[in-house]
Structure formats: structure tokens, C-alpha cells
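Worksheet: the structure to be examined is printed underneath.
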Amino acid sequence: SVIRAFCDNWNLTWFTPNPDLTECFQHTVLVWFPCFYLWLCAPFYFLYLGFHDYGRISVSSLCVTKTVSQRSDHEETSSTLPQNTPTTVLTVCVIHLERMKGCRSSLFLFVFWTLAVVCSLVPLRANIQAVVGESCSRDSVRSAAFFTCFSLQLAQLILSCFADQHNNLLLLVVKGYRSPLKAEDLWSLRKEDTSEKIIGDLEREWTTQCAKLQQQERGDSVTALGCRITEQTQLLHKLRQEQSSGFLLLRTLAKTFGPFFLTGTLCLIIHDAFMFSIPQVLSLLLSFVGDKDVPLWKGYLFAFTMFLLSCLQSLFNHQYMYSCFTVGMRVKTAVMGLVYRKALVISSAARRTCTVGEIVNLVSADTQKLMDFVVYFNAVWLAPIEIGLCLFFLWQRLGPSALAGITTVILIFPLNGLIAKMRSKLQVQMKYMDGRIKLMTEILSGIKILKFYAWEKAFEERVLGYREKELKALKKSQILYSISIASFNSSTFLIAFAMFGVYVLIDEKNVLDAQKVFVSMALINILKTPLSQLPFAMSTTMQAIVSLKRLGKFLCQDELKLDSIMKICVFLIISLLIRDDVLCRISVKVPRGCLVAVVGHVGSGKSSLLSAMLGETEKKSGNVTVKGSVAYVPQQAWIQNATLRENIVFGQEKKESWYQTVLEACALVRDLNILPARDATEIGEKGLNLSGGQKQRVSLARAVYRNADIYLLDDPLSAVDAQVGQHIFDRVIGPKGILKNKTRVLVTHGLNFLPQADLILVMGDGEITETGSYIELLNRRNAFADFVQTFAGNERKEISTNKGKLRMSHKFIITSLYFPLLVYFTGMMLVNLKCFISFQAPGNQCLDSALSDSEQEQDQEELGKLTEADKAHTGRVKLEMYVEYFRTIGLALIVPIVFLYAFQQAASLGYNYWLRLWADDPVINGTQADADVKLAVFGALGIAQGVAIFGTTVAISLGGIIASRHLHMDLLSNVLHSPMAFFESTPSGNLLNRFSKEVDAIDCMIPDGFKMMLGYVFKLMEVCIIVLIATPFAGLVILPLTLFYVFIQSFYVATSCQLRRLESVSRSPIYTHFNETVQGASVIRAFGEQPRFILQANGRVDHNQTSYFPRFVATRWLAVNLEFLGNLLVLAAAILSVTGKDTLSPGIVGLAVSHSLQVTGILSWIVRAWTDVENNIVSVERVKEYAETPKEAPWTIENRSLPSAWPQTGSIEFQQYGLQYRRGLDWALKEITLNVQEREKVGIVGRTGAGKSSLALGIFRILEAAKGEIYIDGVNIAQIGLQDLRSRITIIPQDPILFSGSLRMNLDPFDGYSDEDVWRALELAHLKNFVSGLPDKLNHECSEGGENLSLGQRQLVCLARALLRKTKILVLDEATAAVDLETDNLIQSTIRTQFEDCTVLTIAHRLNTIMDYTRVIVMDNGYITEMDSPTNLIAQRGQFYCMCREAGLA
């Protein structure tokens, strides 16, 4: 009887105008099913909570409300439903356990309450009918209890939709709509999304995988033991290792992030189940419309079922997308962390193979490819399954004719596989982009050199050469992609055409009715998703494989060996016995507390010796043993973009007394007094706003403050003048300095310091040729003694009288240093500070600075700020940005694009409406008339659509490339035309971000967004037209839905664009920090600061993800809301079709409903595309912003041609010349009146900051004159183009910078000289023997910054540049400060002979180099204080005489 009660009452349930369920079914299954779910799943859920603890949540009002309503529900139902008592207890336990474990929202309880409410709907209907039917029911109490219980269940369902004390996205979206979002408005990252957690997990797994790989390789090497391994075998093994490294990284990522990714995959599978259910319900609905006798309620049931399935499909789809983007974000964070950590431990040899630009590209472009791969990977395997299911259901409808569709798919796949393979070969685009970014990194690093040499055009052409190759590859790739897109978008038509054609042609009795046509078309529309995703997924996978290989190759590079040096606690020595490519047969022991001087000619291995002591070189044999902590001062100072205090303290606790001692010893006290914010003053990237001497003193102060046991000092005194150098040696390094009890290894070119060294090591060709004290080496009368006799001249006299001069020297050290520095810093740094400065005549220099009270109260951080953070624009993207983008494309291309889209959609509308007419064609004698004609028309319309799709895709791609080319050219031109002040205040990370990420977005993402948006907008218009044709009353639904759609979209886009801007702005500091860290990796390692820098990198990445996470969550929020609106249109179309079944044909109903089913996806894709376009058009905005920054004077001036031989004589005349760093501030150079005759040799001397370099900047117009003029050969240089000026005069700068590329390119980037000229210049620069010994000679590849050459060799290359140009005017800006005395002597003799007929201006620290000059100019505080021949100036016993006496020359 029970079974009959359940099974034998279908007349009560289905075959009736008033359906109902049996009472037995209502009181058992509907009551117990939710409880069964809860009790069955609770143990597994408790187990899950046991492993996931997110921290306790305090009791909130929401938690109390849930508990109270649960208690009320129990009281109402316990009397009638006793089984609910334990269920109520269980739900209360779940609520509070979730609170204790930090679970803010519960999917588990949401499902339970949903089931409870759904199962209560049928009893609810019965109780309502009972109340309506009987005025006074005998079961009124039971009915009232049921209504109360249902109300509480519904309340619990609503409450479960809210999160407990969680970030509310809706509030964030509303806030973003009302006012632009700021970084502080965003949520903090969840613990599981932080860099520390993510990178830690991946690093552990990566270490495990690498250990397994190394163990396997050791096993292979043992197997091959005794066999001779050829070089070819080793090369093949290395190539195989590079190939496998990418798959090793993929396996590591899969093990770390795979479980969470699989939960999203499960959601996708459930989504597919709902997706394939919808056409089956559509079939039932069309069957209902065609059968006039079916009760009306069944139509409504089918309509609501389609609506419910569509909503569930949307929810599971976006839960899957949320999971994918979360995993993608974590993968990006983790890989960036791995790359950063690798950059800190990579070996020197491996480091030379990968530049800073390539590493930045790894963390920008390649990590983005991995994110895309995570999102689309499931389509690679799931799309074929979906295609198979579609074809299976089509077989059910059309029988064997479905094989025609299978054949079409089989034909399409090889075509697209071939296209994907061809596109993968075009990934050389990535190589060109790498080259371009690498070159831009070097250009930004050496921009001052480019301006001095007027090389901007040459390097602009190199960048544009890379860019053209990149765009050429991109163009080919996009055309192939257009073929792929056209074939896949037309595949729905091709499949339908093949199946319907075969179906009607093989048998005239085969009739295409509405059910067959539109259910098949619904299935084919489902088929369109996997078919369109598959090429993109394959392309993304190919790109990801390339990126994985690149990342894996970098991560598997050789690291610094831990056994390169041995830290001990027993011996008080540094011992070194090492052999590698640079050093050989080195053996030395240094007792604790000794001062060891290392001397030798350029390229002898001095810096390599220090690198070996740091463990930076590859050890071939021997050992290095170090006791205690190490501090290191590199030859080229590495300065962070941070405050002066942070550069010196370098992560240590600030101890005020020791800090002041270090500042005084390193001669930085006066500098601090004149800085606008003292030690809180911000220093630019690479110390751009410091002189060479100041950078070196800050670098030395950093090491001294560390108070380490061992100091490795790589020629720190070369960049400072003789007096400051003597002060630093006496107060810091020497026997009476603050480091007197420390072990010091000093590389130096200053002979006057050697007598005070305990031990001297003489280096030559990578070996120690002599060792001993100063006296011992002199007594041996070997090469060292001869060298000293030749070059030390008067230095012994200086040494003998050194003690007597120390007190005077100390008093004289920084006299008059500070005034030009103040002008410099206020000019370059201060934005709102007004300085009122008065000074007396040069004879009695006196500085008075009067600041108002309000100015004195200004915050030090604001005063000291130099660099400008990357700013986020606010509000919606301006219309001008779209106009600018479309203007670069051109109207001639835009009009055809719009026309092709309209034609494409008109063809689509035509063949769909033609199908409707075909389906409604009456059947006569079991056949339909003119089937072949109908098929031909259908085919013609479909082919026209396919051709239009290809045309629109190609046109937009080409338009995007045109726009991208112009925007990149404008950006490059604007940046290269910017003055030096721009580069000093703009972090290189900001600029690199524009040239990499933003340009990449303009290349690909904006055109793709426009393709998607226009395609779906026109498709939406087609759907609305079809629905309105079928059911005109649907307009009453479409209009409000459209308004609501625009309302939601406007809310979202404002927030999304601002989040995109914040994310872009927070991305720049990541690249800047990466750049800075890679360049200073040796210093960071020497000081053991890797953990601190890793934490800083983590913080920057987390800050960036704080903007990215709410952005993609907001995208999911919008999509769910919009797809719900689209589902309402499905519901409206279906209900209106049911209501008008008597007047509507099945064909028009099928056309309307099948198309309305597409609206959910269309609306979602439109907003996604619209948002992508608006988000990425921000890239245009950010690229164009540099068009508005100040620019330097024109490079060339039309109608102002100069004689080809200008300047012919080389005379220079300054007339009342004055120089300011910023208008409104005082002069850096004041009233300079000077006449330099042709062929005259003029030395320019003065204390650090006296204005010497400002004079050179004025001649080259790096800074424009504020007053007066400079005439060269009678021509006012202000009236000629910058390129014309700078290319006709030459400078040998203080910092010798080379660029990656051939040695010849570094000498002659314009290829304006023959090889003979180049070799001649190298011979005169004493580099011919060195270059001749290189395997590639002139084509020898210089690494980034010329790091594979010593500093002295780089300086000689700069000399060779000057010799090659051989202009009539030569400026030397402390050009020999970094070379040894022997090389200095060679350079000076070359200049005297080769530039004998030229005018030479030499800014000198070593006074002996200018003692035979025609004139010497002494500068102080921006004035010329003395000017005469060296002999006369010494006789006058003025300032120059004092300087010569201190240097032992008088």
C-alpha cells in the first residue's frame, strides 16, 4: 500500500489540470530529504573545518539572529515534527563551529536551507489551498505552525546569503561609484592569498622537486662513470635539462595549487550538466506549444525549469571562474616570488646571461601567460567532451545525419591545429619584446650618456627595429588567429548546414520541424562555446609552455655555491686558494685587524679577488675561509631609491651616537646640514641626484655603520677629491680610523695610502705577483718599486709631511662645498619650498637662508621627496582617450569595420529567420516543398556571415597594430625628448611598466576587447529583434531590463576602472624593486639582507594583489547579476510563448526562446568586453600622460644648418652665464664670464659641489641657461638644435656606461666609421691588444652595463669613443678617477698627443694631470674664484696653491 501511495498516483501528480503530490510523499520524502543531506554530509564538513582554521570570529548580530531564528524554528516544529530536534541541534553546532574556525559564510548550510525551502513549497501550496477553501479549518493550529516554520526557514535561507563580518563587495562597488576608490578603501588580503603563505608553499615543493631531479642526475652520472663525455653530449644534456625545467615547474605548480583548482573544475562539470539539461527542457516546451491539449501548467513548469537551470548554470560557472582567477593570482604571486629569490642567489656567470629587462619581463609578461593558462586550461580537455555530448544529443534528434556534423568538426580541428602550430612558431614575438624591454632598461639606466653623445636617435632606431619585428610577428599571428576565429564562429553554421542538408537530402520524408531545428540549434549554440574556446585555450597553452620553459630555465640556472666560502669561528684569518677563469694560483692569509691594500693595473683581477672573498665567483679549486661578518663597498656605488638614512642604516636599528660618528667620519655631516630634509631626503634611483663622490661616501657609510668584522673596500676613494679622500682614509680606513681594529681589504689606486697598509698585494693578470709591506716591496726593487718611482713623484713628500697637515686638512675638508649642493637639491627635489638665499662676494662666501615659520614646519618627508610615485587617475576614462585611440587607427578603417559587423549580424539574422520559415513550412504528403532551394539560401547567408567575420577580425587586428605602433612611437619619442630632471624624478619601474605591460595591453588586449564587445553588441541587437518579432509584449520586459542593465553596468565600470588603475600603479614599484635588487644583489648578499628584501618584495606584491583581487571578484559579482537579468528575459519569452500558444507557431517560439537562452552569455560577455576595453584603455591614458611632461629643446632646428666642419677652431665664450636647476631658485653658476681660445687646455678644479660639473652640463645644454649665453666658434649654442650641438663636441664622463651589444656598436652606434678607424681609436686608447685577444674582436658582445669588462676597461672604451669622434672640443669629467695611475698616465699622454689641436676642458680630482695645462679655473660656490696658468696660481698662493700643497704638488 505504501508503494502504491508513492507510485500509483501519477493521475494525481502529472495527468491532471491541478497537479499535487500524495500526502504520504509530502510528509516523508519532502521532510526527510534535507535532514538526510545534513546528517550525511556533516561528518565530512566537520573534518574539512578541522583542517582549515582561519581564526576565531567574535559573536556578531548576524550569528545571534541565525541562532535565535533556529531556536524559534525548533520550538514551532518540535511538537509536530519530532525528528527536527536533533537536526536543529546539529545546525546550531555547525553555525558556532564555523564561527570558531573563522568561516564567514557557509555553503553547506545554504544548500540545506535551500533544500528545506524547496521541499516545503508543495506543502505550502496545499496549506494555502486548505485555508482558502475552508473558512475555519480544524487543523488551523497545525497550519499556523507550518506557516511559521516556513517563514523561519525562508529567513534562515536569506540570512545564509550574508557573510559574517566580511568585506562587502556591494558596499565597495557603491563607494567606487560615488567617489574614486583609494588604496586604503580596499580589503586586506586573506592569509591564504598572502605572498608569505603562497611563496612558502611553492618554494618548499620546488626545492623537493629540484632535489629529486638532482638525485636522478647524479644517478645518471654514476651510470656514465668511466665513459668519456664529449662536449656535444654535455650540450645535449644541458638542452634537455632546459626543456625539462619547464615541465618541472608545471608539476610543482600542479602539486601546490592543484587541489583548489580541482574544486573549480568540479563546479565546471556541474555547470555543464545544467547546460545540457536546458535543450531537453526546450524540447519539452516546443512539444507543449505544438500540442493544444496539454494543460497550461506544464508550459509554465517548463518555463520556470528553464529559468532555474539557467540561474544554477550561471552560479556554478562563476564559482568556477572565481576559483580559476584565485588560483591564477596565487600562481602569479608564487612564480614572482620564486624569480625574485632566484635573482638573489644566481651565480655571476648565469647572471650575465639574463639581463634586468629579461627578469622584469619574466615577472610581467610570463606570469600573466600562466594566469591565462590557469583560466583556460580546462577547455583543452573539457571542450572535446562537450563537443562529443553535443553531437550525441544531435544524433538523437537527427539520426545518422549528425555524422555530417562530426565530419565538419573533424575537418575544422586539423585546420585550427595547424594554425595553432604556426602561431606557436611566431612566439619569436616574445623574443623581440624581451630585446626591446632589455634595451629600454639600458637606455633608462644610461640616459645621461645618450644625451651627452647625442645617441638618442641611434637607440630610438634600435628600439623601433625590435618593435617592427615584434609587430610583424604579431601581425602574422593575428591574421592566422582571424582565420581560426572565423572558422570557429562559422562552425555553428557549417555544422547546421551539413546536418540539415544531409538530413533533408538523403530522404525527402525527413522533415525539419520546429522541435528538430531549434533544439538542434540550441545544442549547436552550446557547441559554439567549446569550439570558440578551444583555439584560444590551445593558443594560451602554447604560450604558457613557452613561458614555463623560460621561467624554468631561469629558475634552474646555476646558483652561488654555499661552499665558495667557509665561515669559521676558530681561525682569525681570511685565506684564499682559488682558481677560475679570472684568478689563478692565489694564496693569501690576512690576520685579524690588518689593513691590506690591493693594487694593480686595469683588468688585473683586483675586483675579482674581492668577489672571490665574497663567494661571488665560481671556485674551481682551493678554499676561501672567512671569520666573522662582512661589509662590502663596491667599486660602483649601489644606492637605493630610499632616504639617505635608510641607505646608511640599511635595515639595522638606528643607534644615534654611532650613526653620527659614521656620518662625521665619512664626511657626510655638512651634506646632511644642507639637504632639505637632512637624512630624510629621498635619493633617486641609482643615486641620480648625488654626485659620484657623494654616492661613494654613502656606500662607505653603509658599510661602516654595519660595524662588521671584515671590510672589503673596492676602490671607494677614487670618486672623491684628494682632500676628502685623505679625510676618509684617516678617519675610517687608516691605522687611526674607526675601523682600525677591523680586517680591511682595500683596493686602491692611491699610492699615498700604501705606506700605512700592513700588507700590500700587487695583482697582475689574475695572480698576486708581489706581496709584502710598503718598505719591503720598495727594497725588493721589482716592478712595484719601479712603478712607485715613476708615478709617485712628490707623493713621498706628502707622506712624510702628512701628520703635520692632518689638522689643517681636516679643517679645510668641506669648506665651501655646500652652496651648489643646496641649489641642486632644492632645484631637483622641492616642489613647494621657496628658498630666500643671499650671499656675499666670492672673497667672503657667506650663506644666509631664511625660511618662514610655516616652511620650517613642513614635514621632512615631503621636503626630502624626489621621485614621484606612479599616480592613479580617478573617475571614468575620458572620452579623449577613445578619440585618441580611434584617431590613430583612422576613419578609413573604422567605417568598414562597423559596416562589416552590421553585415555579419544581418546575415546571421537572415539565416536564423529563414530556419524559422523552413520549420513552419507545412508538411504535404509527408514532405516539405523546395528543400534544396531552402538549403541553398541558408548556405549562402551562412557563408556571407563567415566572410564578414574574417573581415572584421582582420580589420580590428590591423587597426590595433596601427594604433599600437603610433602610441609606442609617441611614448618612446616623448620619453627620449624629456630632460634629465624627468628621469631623476621618475622611477624607471614606472617607465618600464609603460613599455612592457601597458604596451602589451595596447597590442593585444584592447583589439581583442573591441572584437568581443562589438560582436556581442550586434548579436544582442539580433536577439532582441527576434524576441520582439515573436512576442511584441516582450518589449515591456526588455526596456526595464535594459535600464537596469545600464544601471548595474555603470556602477561596476566606475569601480572596475579605478581598481584597474590602482592595480597598474601598484605594479610599477614591483618592477622598480626587482630592478634595484638585481643590480645590487652582490651588496645585499654581502650584508646578509636577503630576508629583508624578500619581505619588501612580498609587501609590494601583496599591495598589488590587494587591488587585483577585488577587481576580479567584482567582475564575477557583475556577471552573476547580469546573467540573472538575462535569465529573466528567458523566463519572459518562455511565459509569453506559453500564454500565446494558441496564436504562435512552434517555429517562432523556438526561434525566440532558443535565442533568448543566449542572452545570459551575451550580456556577461558584453560587460566583460566593455570592462576589458575600459580597463585596458587606461593603458592608452597612461602611455599618453608622458606627452604632457616638459620636454627639452628641439633636437634639430629647421633653417638653422651648421657648417659640416663646425666647430672649426673650438673657441668657447661664456658671457655673464648663469645656471639654475629650477626657476625661482638661486644660481648654481653665477656670472660666469670666460673666453677659452682655440687649442687651449683648461683644467677646472674645486671642492665637491663647487659647480665644476654644472659647467659641463651647461656646455652640453643638459641644463638650459638661466642667464647669459655660451658661444662656440661665435655661434650661440642656445639657437641651435641639441643634437647638432652635442654631436659636434665630446665628453668622457665620470661614469663609464656601456650598453649590451657589440663592442663596435658601443663605439659607433651610427656605423659612421670604418673598421680601420675603430681599430685606430682602440690602439690609441690602449685597448687594441685586449680586443684583439677576444674571440669575436669588435663583435665581442658586451653584457648589460658592460659588466663583463672592468671599470678601467670601460673608461678606456669611453676614451676610444672620444678618439673616434675627434671633435674640436673635448670635456673630461673626472674621467680617470676610476683607473690606476699607470692607465691614467697613458690616457693623459694620449689626450695630449691626439687632442693637441683641440680645446680640452678637464674637470679633475688629480691635480697632477692638469699641471701642464694652459690655464686652471678654480671654482667655488658657483663662481670662478681664480683663473691663470698653474705656475702663476701657485705663485699667488691662493686657493689653488692650498689644494696643490695638500696633494703634495707644491
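Lettering and numbering for the C-alpha cells are positional, with chains as A, B, ... in the shown order, residues counted from 1 in each chain, and ligands counted from 1 in the shown order.
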Counting only C-alpha atoms, what is within 12 Å of Val409 (chain A), bar same-chain residues fewer than 3 positions away, as a PyMOL selection string?
chain A and resi 384+387-388+390-391+402-406+412-416+487-488+490-496+498-499+524+527-528+530-531
Hey, what's within 7 Å of region 1415-1423 of chain A if we count only C-alpha atoms and toss same-chain stuff fewer than 5 positions away? As a ChimeraX atom specification, please?
/A:816,819-820,842,1228-1230,1232,1241-1246,1250-1252,1428-1430,1440
Write out as a PDB file with C-alpha atoms, in the first residue's frame the residues lying within 8 Å of region 273-287 of chain A, counting only C-alpha atoms and excluding same-chain residues fewer than 2 positions away.
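What follows is the written file selection02.pdb:
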```
ATOM      1  CA  ILE A 269      31.356  19.855 -14.617  1.00  0.00           C
ATOM      2  CA  ILE A 270      28.127  20.606 -12.683  1.00  0.00           C
ATOM      3  CA  HIS A 271      27.682  23.717 -14.847  1.00  0.00           C
ATOM      4  CA  VAL A 289       3.360  24.530 -27.882  1.00  0.00           C
ATOM      5  CA  GLY A 290       2.645  22.110 -30.694  1.00  0.00           C
ATOM      6  CA  ASP A 291       0.104  20.105 -28.626  1.00  0.00           C
ATOM      7  CA  GLY A 299       4.140  25.054 -20.034  1.00  0.00           C
ATOM      8  CA  PHE A 302       8.895  24.074 -18.343  1.00  0.00           C
ATOM      9  CA  ALA A 303       9.397  27.849 -18.453  1.00  0.00           C
ATOM     10  CA  THR A 305      12.505  24.979 -15.023  1.00  0.00           C
ATOM     11  CA  MET A 306      14.494  26.603 -17.825  1.00  0.00           C
ATOM     12  CA  LEU A 309      18.513  25.705 -14.718  1.00  0.00           C
ATOM     13  CA  SER A 310      19.872  28.869 -16.322  1.00  0.00           C
ATOM     14  CA  LEU A 312      22.139  27.435 -11.498  1.00  0.00           C
ATOM     15  CA  GLN A 313      24.291  27.256 -14.624  1.00  0.00           C
ATOM     16  CA  ALA A 514      10.492  23.359 -35.079  1.00  0.00           C
ATOM     17  CA  GLN A 515      11.486  20.841 -32.428  1.00  0.00           C
ATOM     18  CA  VAL A 519      16.641  22.082 -30.206  1.00  0.00           C
ATOM     19  CA  ALA A 522      20.327  25.234 -29.099  1.00  0.00           C
ATOM     20  CA  LEU A 523      22.745  22.294 -28.981  1.00  0.00           C
ATOM     21  CA  ILE A 526      26.221  25.178 -26.837  1.00  0.00           C
ATOM     22  CA  PRO A1146       6.282  26.388 -32.839  1.00  0.00           C
ATOM     23  CA  VAL A1149       8.565  30.161 -30.319  1.00  0.00           C
ATOM     24  CA  GLY A1150      11.620  28.002 -30.932  1.00  0.00           C
ATOM     25  CA  VAL A1153      13.331  31.007 -26.822  1.00  0.00           C
ATOM     26  CA  SER A1154      16.499  29.454 -28.281  1.00  0.00           C
TER      27      SER A1154
END
```
Exercise: region 1209-1214 of chain A partners within 8 Å, only C-alpha atoms, chain neighbours under 5 positions left out, as a PyMOL selection string
chain A and resi 1232-1239+1268-1274+1368-1369+1398-1399
Between CA of Gln396 (chain A) and CA of Val511 (chain A), what is the distance in Å, rounded to a tenth?
14.9 Å
If you count only C-alpha atoms, which residues fall within 10 Å of region 324-329 of chain A, apart from same-chain ones fewer than 3 positions away, as number ranges by chain?
A: 193, 257-258, 260-265, 318-321, 332-334, 367-378, 1105, 1108-1109, 1112-1113
Do a neighbour search on Leu746 (chain A) at 7 Å with only C-alpha atoms, toss out local chain neighbours closer than 4 positions, and write the hits as a list in words.
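After dropping sequence-adjacent residues, the list is Val596, Ala597, Val598, Leu712, Leu713, Asp714 and Asp715 of chain A.
Nearest residue to Arg1288 (chain A) among A:Phe536, A:Thr67, A:Tyr453, A:Ser1068 is A:Tyr453, counting only C-alpha atoms.
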